[in-house]
file final_29.cif (mmCIF, C-alpha atoms)
data_data
loop_
_atom_site.group_PDB
_atom_site.id
_atom_site.type_symbol
_atom_site.label_atom_id
_atom_site.label_comp_id
_atom_site.auth_asym_id
_atom_site.auth_seq_id
_atom_site.Cartn_x
_atom_site.Cartn_y
_atom_site.Cartn_z
ATOM 1 C CA GLN A 26 18.084 -23.561 -45.298
ATOM 2 C CA LEU A 27 17.709 -22.854 -49.013
ATOM 3 C CA PRO A 28 18.923 -25.151 -51.842
ATOM 4 C CA CYS A 29 21.983 -23.156 -52.928
ATOM 5 C CA ARG A 30 25.584 -24.173 -53.528
ATOM 6 C CA THR A 31 26.563 -21.809 -50.729
ATOM 7 C CA PRO A 32 24.563 -22.549 -47.552
ATOM 8 C CA SER A 33 21.800 -19.956 -47.433
ATOM 9 C CA LEU A 34 19.372 -19.294 -44.615
ATOM 10 C CA ARG A 35 16.082 -17.439 -44.464
ATOM 11 C CA PHE A 36 15.488 -15.718 -41.127
ATOM 12 C CA THR A 37 12.094 -14.511 -39.969
ATOM 13 C CA LEU A 38 12.468 -11.986 -37.134
ATOM 14 C CA ARG A 39 9.722 -10.570 -34.969
ATOM 15 C CA CYS A 40 10.020 -7.345 -32.994
ATOM 16 C CA CYS A 41 10.420 -7.628 -29.209
ATOM 17 C CA ALA A 42 9.010 -4.117 -28.699
ATOM 18 C CA GLN A 43 5.568 -3.859 -27.171
ATOM 19 C CA PRO A 44 3.585 -2.754 -29.017
ATOM 20 C CA PRO A 45 5.251 -3.344 -32.430
ATOM 21 C CA SER A 46 3.482 -0.190 -33.670
ATOM 22 C CA LEU A 47 6.393 1.736 -32.108
ATOM 23 C CA LEU A 48 8.325 0.800 -35.277
ATOM 24 C CA SER A 49 6.165 3.188 -37.289
ATOM 25 C CA ALA A 50 7.954 6.046 -35.538
ATOM 26 C CA HIS A 51 11.162 5.275 -37.449
ATOM 27 C CA PRO A 52 11.922 7.684 -40.315
ATOM 28 C CA ASP A 53 10.785 6.525 -43.742
ATOM 29 C CA ALA A 54 13.766 4.953 -45.540
ATOM 30 C CA GLY A 55 12.034 4.838 -48.924
ATOM 31 C CA ASP A 56 11.248 1.774 -50.990
ATOM 32 C CA VAL A 57 14.857 0.590 -51.475
ATOM 33 C CA TRP A 58 16.299 0.051 -48.015
ATOM 34 C CA HIS A 59 18.357 -2.192 -45.743
ATOM 35 C CA VAL A 60 18.994 -2.849 -42.069
ATOM 36 C CA ASP A 61 22.158 -3.339 -40.033
ATOM 37 C CA VAL A 62 22.482 -6.437 -37.854
ATOM 38 C CA LEU A 63 24.792 -6.054 -34.849
ATOM 39 C CA ALA A 64 26.387 -8.646 -32.571
ATOM 40 C CA ASP A 65 29.093 -8.521 -29.891
ATOM 41 C CA LEU A 66 31.339 -11.474 -30.718
ATOM 42 C CA PRO A 67 34.649 -12.874 -29.439
ATOM 43 C CA ALA A 68 37.713 -11.583 -31.209
ATOM 44 C CA PRO A 69 38.681 -13.573 -34.344
ATOM 45 C CA GLY A 70 40.443 -16.806 -33.456
ATOM 46 C CA SER A 71 39.111 -16.966 -29.899
ATOM 47 C CA GLY A 72 36.005 -18.998 -30.840
ATOM 48 C CA GLU A 73 32.506 -18.736 -29.345
ATOM 49 C CA SER A 74 33.782 -19.331 -25.832
ATOM 50 C CA SER A 75 31.442 -18.904 -22.879
ATOM 51 C CA SER A 76 34.281 -17.633 -20.668
ATOM 52 C CA PRO A 77 34.575 -13.850 -20.222
ATOM 53 C CA GLY A 78 36.814 -12.134 -22.703
ATOM 54 C CA PRO A 79 37.051 -9.112 -24.971
ATOM 55 C CA LEU A 80 34.186 -8.814 -27.427
ATOM 56 C CA THR A 81 34.194 -7.084 -30.798
ATOM 57 C CA GLU A 82 31.167 -5.296 -32.204
ATOM 58 C CA VAL A 83 30.388 -6.718 -35.643
ATOM 59 C CA VAL A 84 27.879 -4.944 -37.881
ATOM 60 C CA ARG A 85 26.740 -6.125 -41.291
ATOM 61 C CA SER A 86 24.050 -4.790 -43.591
ATOM 62 C CA TYR A 87 21.304 -6.888 -45.186
ATOM 63 C CA THR A 88 18.559 -6.043 -47.632
ATOM 64 C CA PRO A 89 15.315 -7.624 -46.408
ATOM 65 C CA SER A 90 13.270 -9.888 -48.644
ATOM 66 C CA SER A 91 10.152 -8.684 -46.802
ATOM 67 C CA SER A 92 8.385 -5.352 -47.284
ATOM 68 C CA ALA A 93 8.634 -2.093 -45.359
ATOM 69 C CA GLY A 94 5.012 -2.609 -44.346
ATOM 70 C CA ALA A 95 5.890 -5.963 -42.798
ATOM 71 C CA TYR A 96 8.705 -4.266 -40.869
ATOM 72 C CA GLN A 97 6.305 -1.736 -39.377
ATOM 73 C CA GLU A 98 4.078 -4.640 -38.311
ATOM 74 C CA GLY A 99 7.049 -6.163 -36.479
ATOM 75 C CA ARG A 100 8.189 -8.789 -39.013
ATOM 76 C CA LEU A 101 11.468 -8.880 -40.938
ATOM 77 C CA GLU A 102 12.762 -11.558 -43.321
ATOM 78 C CA LEU A 103 16.438 -11.804 -44.251
ATOM 79 C CA LEU A 104 18.204 -14.055 -46.763
ATOM 80 C CA VAL A 105 21.757 -14.778 -45.634
ATOM 81 C CA LYS A 106 24.496 -16.699 -47.445
ATOM 82 C CA VAL A 107 26.644 -18.367 -44.803
ATOM 83 C CA LYS A 108 30.421 -18.263 -45.196
ATOM 84 C CA PRO A 109 32.394 -20.397 -42.694
ATOM 85 C CA THR A 110 35.094 -17.708 -42.449
ATOM 86 C CA GLY A 111 32.633 -14.819 -42.300
ATOM 87 C CA ALA A 112 32.618 -12.423 -39.370
ATOM 88 C CA LEU A 113 28.880 -12.607 -38.661
ATOM 89 C CA THR A 114 27.101 -15.268 -40.720
ATOM 90 C CA PRO A 115 28.436 -18.306 -38.766
ATOM 91 C CA HIS A 116 27.037 -16.669 -35.626
ATOM 92 C CA LEU A 117 23.682 -16.125 -37.331
ATOM 93 C CA ALA A 118 23.619 -19.704 -38.577
ATOM 94 C CA ALA A 119 24.089 -20.962 -35.008
ATOM 95 C CA GLN A 120 20.981 -19.157 -33.730
ATOM 96 C CA ARG A 121 17.865 -21.073 -32.771
ATOM 97 C CA PRO A 122 14.193 -20.040 -32.687
ATOM 98 C CA GLY A 123 13.683 -17.567 -29.865
ATOM 99 C CA ALA A 124 17.168 -16.047 -30.089
ATOM 100 C CA VAL A 125 17.330 -12.240 -29.979
ATOM 101 C CA LEU A 126 19.233 -10.224 -32.598
ATOM 102 C CA GLN A 127 19.971 -6.498 -32.601
ATOM 103 C CA VAL A 128 18.654 -4.883 -35.767
ATOM 104 C CA SER A 129 18.791 -1.213 -36.775
ATOM 105 C CA ALA A 130 15.968 0.939 -38.040
ATOM 106 C CA PRO A 131 15.586 0.904 -41.857
ATOM 107 C CA CYS A 132 18.381 2.721 -43.708
ATOM 108 C CA PRO A 133 17.929 4.171 -47.229
ATOM 109 C CA THR A 134 19.856 2.435 -50.009
ATOM 110 C CA LEU A 135 18.668 4.271 -53.124
ATOM 111 C CA ASP A 136 16.192 7.023 -53.978
ATOM 112 C CA SER A 137 14.291 5.387 -56.823
ATOM 113 C CA SER A 138 11.721 8.171 -57.246
ATOM 114 C CA SER A 139 13.435 9.645 -60.329
ATOM 115 C CA TYR A 140 13.528 6.338 -62.234
ATOM 116 C CA THR A 141 10.822 5.540 -64.776
ATOM 117 C CA GLY A 142 12.894 2.570 -65.902
ATOM 118 C CA ALA A 143 16.291 1.013 -65.281
ATOM 119 C CA LEU A 144 18.851 -1.555 -66.321
ATOM 120 C CA VAL A 145 19.540 -3.526 -63.135
ATOM 121 C CA ILE A 146 22.636 -5.749 -62.837
ATOM 122 C CA ALA A 147 22.970 -7.884 -59.715
ATOM 123 C CA GLY A 148 24.869 -10.944 -58.552
ATOM 124 C CA GLY A 149 24.548 -13.450 -55.722
ATOM 125 C CA SER A 150 22.668 -12.290 -52.649
ATOM 126 C CA ALA A 151 22.289 -8.825 -54.196
ATOM 127 C CA ALA A 152 19.138 -10.374 -55.680
ATOM 128 C CA THR A 153 17.390 -8.919 -52.617
ATOM 129 C CA VAL A 154 18.490 -5.419 -53.643
ATOM 130 C CA ALA A 155 17.496 -6.056 -57.256
ATOM 131 C CA LEU A 156 14.030 -7.199 -56.198
ATOM 132 C CA GLN A 157 13.439 -4.033 -54.171
ATOM 133 C CA VAL A 158 14.616 -1.817 -57.050
ATOM 134 C CA CYS A 159 12.503 -3.611 -59.657
ATOM 135 C CA GLU A 160 9.395 -3.659 -57.472
ATOM 136 C CA ALA A 161 9.770 0.029 -56.563
ATOM 137 C CA ILE A 162 10.050 1.247 -60.168
ATOM 138 C CA LEU A 163 7.317 -1.022 -61.510
ATOM 139 C CA ALA A 164 4.944 -0.167 -58.662
ATOM 140 C CA ARG A 165 5.401 3.553 -59.354
ATOM 141 C CA HIS A 166 5.023 3.093 -63.139
ATOM 142 C CA PRO A 167 2.941 -0.073 -63.609
ATOM 143 C CA LYS A 168 1.983 0.603 -67.245
ATOM 144 C CA ARG A 169 4.956 2.425 -68.741
ATOM 145 C CA GLY A 170 7.802 1.319 -66.460
ATOM 146 C CA LEU A 171 10.648 -0.438 -68.241
ATOM 147 C CA VAL A 172 13.029 -2.573 -66.159
ATOM 148 C CA ARG A 173 15.660 -4.927 -67.560
ATOM 149 C CA LEU A 174 17.265 -7.213 -64.974
ATOM 150 C CA LEU A 175 20.497 -9.133 -65.566
ATOM 151 C CA LEU A 176 20.929 -11.581 -62.692
ATOM 152 C CA CYS A 177 24.376 -13.197 -62.408
ATOM 153 C CA ASN A 178 25.006 -16.442 -60.512
ATOM 154 C CA ARG A 179 27.421 -19.331 -60.625
ATOM 155 C CA THR A 180 24.785 -22.070 -60.930
ATOM 156 C CA ALA A 181 21.035 -22.144 -61.520
ATOM 157 C CA ASP A 182 20.536 -23.467 -57.982
ATOM 158 C CA ASP A 183 22.243 -20.364 -56.585
ATOM 159 C CA VAL A 184 19.475 -18.075 -57.842
ATOM 160 C CA LEU A 185 17.620 -16.500 -54.919
ATOM 161 C CA LEU A 186 14.028 -15.229 -54.956
ATOM 162 C CA ALA A 187 13.305 -16.901 -58.301
ATOM 163 C CA SER A 188 9.569 -17.112 -57.650
ATOM 164 C CA ALA A 189 9.379 -13.392 -56.787
ATOM 165 C CA PHE A 190 11.048 -12.425 -60.069
ATOM 166 C CA GLU A 191 8.765 -14.808 -61.977
ATOM 167 C CA ALA A 192 5.786 -13.056 -60.382
ATOM 168 C CA LEU A 193 7.068 -9.721 -61.717
ATOM 169 C CA LEU A 194 7.371 -11.248 -65.191
ATOM 170 C CA HIS A 195 3.764 -12.390 -65.000
ATOM 171 C CA LYS A 196 2.500 -9.041 -63.692
ATOM 172 C CA HIS A 197 4.473 -6.437 -65.671
ATOM 173 C CA ALA A 198 4.908 -6.434 -69.450
ATOM 174 C CA GLY A 199 7.716 -3.884 -69.088
ATOM 175 C CA PHE A 200 9.885 -6.217 -67.004
ATOM 176 C CA SER A 201 12.368 -8.667 -68.506
ATOM 177 C CA LEU A 202 14.861 -11.010 -66.846
ATOM 178 C CA LEU A 203 18.060 -12.546 -68.171
ATOM 179 C CA HIS A 204 19.870 -15.088 -65.982
ATOM 180 C CA LEU A 205 23.617 -15.365 -66.610
ATOM 181 C CA ILE A 206 24.977 -18.659 -65.255
ATOM 182 C CA SER A 207 28.764 -18.923 -65.202
ATOM 183 C CA ALA A 208 28.978 -22.655 -64.348
ATOM 184 C CA GLY A 209 26.713 -25.695 -64.332
ATOM 185 C CA LYS A 210 23.713 -26.596 -66.437
ATOM 186 C CA LEU A 211 20.847 -24.333 -67.320
ATOM 187 C CA PRO A 212 17.393 -25.341 -66.039
ATOM 188 C CA GLU A 213 15.321 -27.518 -68.323
ATOM 189 C CA GLY A 214 12.880 -25.822 -70.672
ATOM 190 C CA GLY A 215 9.663 -24.777 -68.980
ATOM 191 C CA ARG A 216 11.093 -25.223 -65.496
ATOM 192 C CA ARG A 217 11.628 -21.524 -64.892
ATOM 193 C CA ARG A 218 10.521 -18.335 -66.596
ATOM 194 C CA GLY A 219 12.778 -15.633 -67.973
ATOM 195 C CA ARG A 220 15.691 -16.069 -70.343
ATOM 196 C CA TRP A 221 18.699 -18.158 -69.356
ATOM 197 C CA ARG A 222 22.192 -18.025 -70.794
ATOM 198 C CA SER A 223 25.502 -19.674 -69.993
ATOM 199 C CA GLY A 224 28.460 -17.395 -69.355
ATOM 200 C CA ARG A 225 29.376 -14.272 -67.485
ATOM 201 C CA LEU A 226 28.263 -10.694 -67.941
ATOM 202 C CA ASP A 227 29.566 -9.370 -71.269
ATOM 203 C CA THR A 228 28.942 -6.708 -73.903
ATOM 204 C CA ASP A 229 26.662 -9.019 -75.866
ATOM 205 C CA ALA A 230 24.223 -9.326 -72.964
ATOM 206 C CA LEU A 231 24.362 -5.590 -72.223
ATOM 207 C CA SER A 232 23.975 -4.501 -75.851
ATOM 208 C CA GLN A 233 20.532 -6.134 -75.940
ATOM 209 C CA THR A 234 19.194 -3.605 -73.421
ATOM 210 C CA GLU A 235 17.820 -0.149 -74.211
ATOM 211 C CA ARG A 236 20.562 2.467 -74.339
ATOM 212 C CA HIS A 237 18.503 5.204 -72.648
ATOM 213 C CA LEU A 238 17.998 3.237 -69.416
ATOM 214 C CA ARG A 239 20.111 4.318 -66.465
ATOM 215 C CA ALA A 240 21.987 1.436 -64.849
ATOM 216 C CA ILE A 241 21.921 0.264 -61.220
ATOM 217 C CA VAL A 242 24.602 -2.250 -60.209
ATOM 218 C CA SER A 243 24.881 -4.337 -57.015
ATOM 219 C CA GLY A 244 26.941 -7.381 -56.102
ATOM 220 C CA PRO A 245 30.531 -8.510 -55.469
ATOM 221 C CA PRO A 246 33.323 -6.014 -56.269
ATOM 222 C CA GLY A 247 34.502 -7.935 -59.333
ATOM 223 C CA LEU A 248 31.045 -7.950 -60.868
ATOM 224 C CA CYS A 249 30.444 -4.254 -60.119
ATOM 225 C CA THR A 250 33.818 -3.263 -61.559
ATOM 226 C CA SER A 251 33.319 -5.354 -64.676
ATOM 227 C CA ALA A 252 29.776 -4.049 -65.187
ATOM 228 C CA VAL A 253 30.934 -0.414 -65.028
ATOM 229 C CA ALA A 254 33.796 -1.097 -67.443
ATOM 230 C CA LEU A 255 31.573 -2.914 -69.937
ATOM 231 C CA LEU A 256 28.857 -0.263 -69.789
ATOM 232 C CA THR A 257 31.331 2.552 -70.385
ATOM 233 C CA GLN A 258 32.827 0.585 -73.270
ATOM 234 C CA LEU A 259 29.361 0.555 -74.807
ATOM 235 C CA GLY A 260 29.182 4.339 -74.588
ATOM 236 C CA ARG A 261 27.326 4.995 -71.346
ATOM 237 C CA GLN A 262 28.426 7.952 -69.268
ATOM 238 C CA ARG A 263 29.685 7.226 -65.764
ATOM 239 C CA GLU A 264 26.994 9.433 -64.222
ATOM 240 C CA GLU A 265 24.362 7.177 -65.810
ATOM 241 C CA ILE A 266 25.579 4.248 -63.679
ATOM 242 C CA THR A 267 24.725 3.960 -59.989
ATOM 243 C CA VAL A 268 26.850 1.433 -58.095
ATOM 244 C CA LEU A 269 25.476 0.333 -54.717
ATOM 245 C CA ASP A 270 28.502 -1.722 -53.639
ATOM 246 C CA GLU A 271 32.275 -1.628 -53.665
ATOM 247 C CA LEU A 272 34.399 -1.444 -56.785
ATOM 248 C CA LEU A 273 37.804 -3.051 -56.991
ATOM 249 C CA PRO A 274 40.668 -0.606 -56.318
ATOM 250 C CA GLU A 275 41.905 1.167 -59.426
ATOM 251 C CA ASP A 276 45.307 -0.515 -59.571
ATOM 252 C CA PRO A 277 46.409 -1.183 -63.170
ATOM 253 C CA SER A 278 49.328 -3.299 -61.874
ATOM 254 C CA SER A 279 46.813 -5.909 -60.725
ATOM 255 C CA LEU A 280 45.624 -6.506 -64.292
ATOM 256 C CA ALA A 281 47.291 -9.341 -66.148
ATOM 257 C CA PRO A 282 47.507 -9.269 -69.978
ATOM 258 C CA GLY A 283 44.041 -9.428 -71.467
ATOM 259 C CA GLY A 284 42.398 -7.617 -68.549
ATOM 260 C CA GLU A 285 42.268 -10.539 -66.087
ATOM 261 C CA ILE A 286 42.967 -9.918 -62.409
ATOM 262 C CA ALA A 287 46.499 -11.045 -61.659
ATOM 263 C CA ALA A 288 47.093 -13.467 -58.799
ATOM 264 C CA GLY A 289 47.662 -11.516 -55.613
ATOM 265 C CA GLY A 290 46.443 -8.300 -57.211
ATOM 266 C CA SER A 291 43.517 -6.046 -56.366
ATOM 267 C CA ALA A 292 40.888 -8.756 -56.355
ATOM 268 C CA GLU A 293 42.889 -10.832 -53.895
ATOM 269 C CA ALA A 294 43.393 -7.811 -51.671
ATOM 270 C CA ALA A 295 39.690 -7.124 -51.715
ATOM 271 C CA ARG A 296 38.960 -10.699 -50.696
ATOM 272 C CA SER A 297 41.478 -10.967 -47.868
ATOM 273 C CA GLY A 298 42.425 -8.534 -45.137
ATOM 274 C CA GLY A 299 40.936 -5.536 -46.900
ATOM 275 C CA GLY A 300 37.654 -6.900 -48.273
ATOM 276 C CA GLY A 301 34.087 -5.588 -47.682
ATOM 277 C CA ALA A 302 30.793 -7.108 -46.422
ATOM 278 C CA GLU A 303 30.744 -10.824 -45.770
ATOM 279 C CA ALA A 304 28.580 -13.337 -47.582
ATOM 280 C CA GLY A 305 24.974 -12.339 -47.571
ATOM 281 C CA GLY A 306 25.709 -8.777 -46.470
ATOM 282 C CA ASP A 307 25.506 -5.654 -48.584
ATOM 283 C CA SER A 308 27.912 -2.715 -48.841
ATOM 284 C CA HIS A 309 25.659 -0.084 -50.327
ATOM 285 C CA HIS A 310 27.370 2.916 -51.851
ATOM 286 C CA SER A 311 25.787 6.158 -52.822
ATOM 287 C CA ALA A 312 26.055 6.825 -56.548
ATOM 288 C CA GLN A 313 29.750 6.884 -57.368
ATOM 289 C CA THR A 314 31.010 9.590 -59.690
ATOM 290 C CA ALA A 315 34.733 8.806 -59.785
ATOM 291 C CA ALA A 316 36.511 8.107 -63.049
ATOM 292 C CA PRO A 317 35.695 4.726 -64.598
ATOM 293 C CA PRO A 318 37.879 1.770 -63.598
ATOM 294 C CA PRO A 319 40.248 0.097 -66.078
ATOM 295 C CA ALA A 320 38.373 -1.418 -69.018
ATOM 296 C CA LEU A 321 37.857 -5.155 -68.777
ATOM 297 C CA PRO A 322 36.842 -7.230 -71.819
ATOM 298 C CA GLN A 323 34.991 -9.761 -69.685
ATOM 299 C CA SER A 324 33.906 -10.296 -66.101
ATOM 300 C CA CYS A 325 36.659 -10.857 -63.525
ATOM 301 C CA TRP A 326 34.160 -12.205 -61.001
ATOM 302 C CA SER A 327 36.013 -15.001 -59.215
ATOM 303 C CA GLU A 328 34.448 -17.846 -57.282
ATOM 304 C CA GLU A 329 35.416 -16.251 -53.975
ATOM 305 C CA GLU A 330 33.787 -12.978 -54.988
ATOM 306 C CA GLU A 331 30.684 -14.895 -55.982
ATOM 307 C CA GLU A 332 30.532 -15.991 -52.350
ATOM 308 C CA GLU A 333 30.701 -12.280 -51.462
ATOM 309 C CA GLU A 334 33.349 -12.705 -48.799
ATOM 310 C CA LYS A 335 34.066 -9.074 -48.038
ATOM 311 C CA SER A 336 35.267 -8.312 -44.527
ATOM 312 C CA ARG A 337 36.431 -4.660 -44.509
ATOM 313 C CA PRO A 338 34.826 -3.039 -41.425
ATOM 314 C CA TYR A 339 33.551 0.316 -42.640
ATOM 315 C CA ARG A 340 30.340 1.867 -43.854
ATOM 316 C CA CYS A 341 29.986 2.742 -47.496
ATOM 317 C CA CYS A 342 26.956 5.020 -47.022
ATOM 318 C CA PRO A 343 28.320 8.439 -45.976
ATOM 319 C CA SER A 344 25.021 9.178 -44.186
ATOM 320 C CA LEU A 345 25.385 6.237 -41.795
ATOM 321 C CA LEU A 346 27.574 6.098 -38.690
ATOM 322 C CA GLY A 347 29.565 3.296 -37.066
ATOM 323 C CA ASN A 348 31.160 0.228 -38.586
ATOM 324 C CA ARG A 349 29.688 -1.701 -41.417
ATOM 325 C CA GLY A 350 30.736 -4.219 -44.054
#

call {"tool": "encode", "arguments": {"input": "final_29.cif", "output": "structure tokens"}}
result
Amino acid sequence: QLPCRTPSLRFTLRCCAQPPSLLSAHPDAGDVWHVDVLADLPAPGSGESSSPGPLTEVVRSYTPSSSAGAYQEGRLELLVKVKPTGALTPHLAAQRPGAVLQVSAPCPTLDSSSYTGALVIAGGSAATVALQVCEAILARHPKRGLVRLLLCNRTADDVLLASAFEALLHKHAGFSLLHLISAGKLPEGGRRRGRWRSGRLDTDALSQTERHLRAIVSGPPGLCTSAVALLTQLGRQREEITVLDELLPEDPSSLAPGGEIAAGGSAEAARSGGGGAEAGGDSHHSAQTAAPPPALPQSCWSEEEEEEEKSRPYRCCPSLLGNRG
């Protein structure tokens, strides 16, 4: 268990196949990738009963914190934020060493080969996606690569993979990191590297990044929607922004005066019966080219969205089959 406000677990999985070298036969998913975790679970409300009953297939997607090379050697590490009402994470949290989980072959999330630099915006457990993107671009362009990462969390203790990002700061002069903390105290001076700032994502933070960098956004729907709106307000074209997760529905009636999400509006719908991936899971989109969402003057990322409780059972990647959050 990791020291986060939301219970977070790190899983280390080892392949049951003999020999593990069989994994090398899987198609190359590139350097920004994820896996699907599948479980057959009792229907909601029936509990984890041992008595026979109808089971529901639950599939959620997770971006590994380990490398593709480690996967081919038979090892996979996942960071999972546990939500008590989630469809899959309570089941994962109940597992013990030696338990067997069904995991898919690697699935591509983003083709990063055309990026020589990027503005990366991520929130919550999407830190795993951000780390893959940053590492991929900087590894391909170690001297001239330019990556600006804006990492959004509720508290400083919620930041995942902090040491990995600090290692990138130490290794690559072209990498910079700004932590945006919406609640709680900032870490004491010298405790952690990178820049730290109180508040949510806003135009001030974005205007400090290079205009020519294409943007990659991943995280809860509220954060993704707000990021797209703020970037377009600053003059970026929609095709310059790649969103890897869900956006809030374009429903102007859900916006209260001043651009806030009205109670019971789109954000609430996205969090309840029609949400997306549960806490710790990813809902990776291909690059979205639809018209920009309604402009928002500041982030509408609510506490519930920070927990990434998204339960809608469908896949966002058109190239993938089956159900996925």

call {"tool": "atom_distance", "arguments": {"input": "final_29.cif", "atom1": "CA of Gly94 in chain A", "atom2": "CA of Arg217 in chain A"}}
result
28.7 Å

call {"tool": "resolve_selection", "arguments": {"input": "final_29.cif", "expression": "the PyMOL selection byres ((chain A and resi 184-193) around 8)", "output": "count of residues only"}}
result
21

call {"tool": "resolve_selection", "arguments": {"input": "final_29.cif", "expression": "the PyMOL selection byres ((chain A and resi 265) around 12)", "output": "ChimeraX atom specification"}}
result
/A:140,143-144,236-242,253,256-257,260-264,266-268,312-314,317

call {"tool": "resolve_selection", "arguments": {"input": "final_29.cif", "expression": "the PyMOL selection byres ((chain A and resi 121-123) around 10)", "output": "ChimeraX atom specification"}}
result
/A:36-39,117-120,124-126

call {"tool": "residues_near_point", "arguments": {"input": "final_29.cif", "point": "(15.1, -11.1, -49.5)", "cutoff": "6 Å", "atoms": "all atoms listed in the file", "output": "list of chain:residue names"}}
result
A:Pro89, A:Ser90, A:Leu103, A:Leu104, A:Thr153

call {"tool": "atom_distance", "arguments": {"input": "final_29.cif", "atom1": "CA of Ala155 in chain A", "atom2": "CA of Ser201 in chain A"}}
result
12.6 Å

call {"tool": "closest_residue", "arguments": {"input": "final_29.cif", "among": "A:Glu271, A:Arg173, A:Leu248, A:Ile206", "to": "Gln233 in chain A", "atoms": "all atoms listed in the file"}}
result
A:Arg173

call {"tool": "atom_distance", "arguments": {"input": "final_29.cif", "atom1": "CA of Arg100 in chain A", "atom2": "CA of Cys41 in chain A"}}
result
10.1 Å

call {"tool": "closest_residue", "arguments": {"input": "final_29.cif", "among": "A:Cys177, A:Val105, A:Val57, A:Cys159", "to": "Gly247 in chain A", "atoms": "only C-alpha atoms"}}
result
A:Cys177

call {"tool": "residues_around", "arguments": {"input": "final_29.cif", "residues": "Pro131 in chain A", "least_positions_apart": "3", "cutoff": "8 Å", "atoms": "all atoms listed in the file", "output": "count of residues only"}}
result
7

call {"tool": "closest_residue", "arguments": {"input": "final_29.cif", "among": "A:Ala151, A:Leu66, A:Ile146, A:Leu163", "to": "Leu205 in chain A", "atoms": "all atoms listed in the file"}}
result
A:Ile146

call {"tool": "decode", "arguments": {"input": "final_29.cif", "residues": "range 242-246 of chain A", "atoms": "all heavy atoms", "output": "tab-separated table (two decimals), in the first residue's frame"}}
result
chain	number	residue	atom	x	y	z
A	242	VAL	N	-3.03	14.93	-23.07
A	242	VAL	CA	-3.80	15.09	-21.84
A	242	VAL	C	-4.34	13.74	-21.40
A	242	VAL	O	-4.87	12.97	-22.21
A	242	VAL	CB	-4.98	16.08	-22.04
A	242	VAL	CG1	-5.73	16.29	-20.72
A	242	VAL	CG2	-4.48	17.40	-22.60
A	243	SER	N	-4.22	13.43	-20.09
A	243	SER	CA	-4.76	12.17	-19.55
A	243	SER	C	-5.18	12.40	-18.11
A	243	SER	O	-4.49	13.09	-17.35
A	243	SER	CB	-3.70	11.06	-19.63
A	243	SER	OG	-4.21	9.83	-19.15
A	244	GLY	N	-6.31	11.82	-17.73
A	244	GLY	CA	-6.79	11.96	-16.36
A	244	GLY	C	-8.31	11.89	-16.29
A	244	GLY	O	-8.97	11.45	-17.24
A	245	PRO	N	-8.89	12.34	-15.18
A	245	PRO	CA	-10.35	12.33	-15.03
A	245	PRO	C	-11.02	13.21	-16.07
A	245	PRO	O	-10.42	14.15	-16.59
A	245	PRO	CB	-10.55	12.89	-13.61
A	245	PRO	CG	-9.25	12.70	-12.92
A	245	PRO	CD	-8.20	12.83	-13.98
A	246	PRO	N	-12.30	12.94	-16.38
A	246	PRO	CA	-12.99	13.71	-17.43
A	246	PRO	C	-13.00	15.21	-17.18
A	246	PRO	O	-12.84	15.99	-18.13
A	246	PRO	CB	-14.42	13.13	-17.41
A	246	PRO	CG	-14.27	11.77	-16.83
A	246	PRO	CD	-13.15	11.86	-15.85
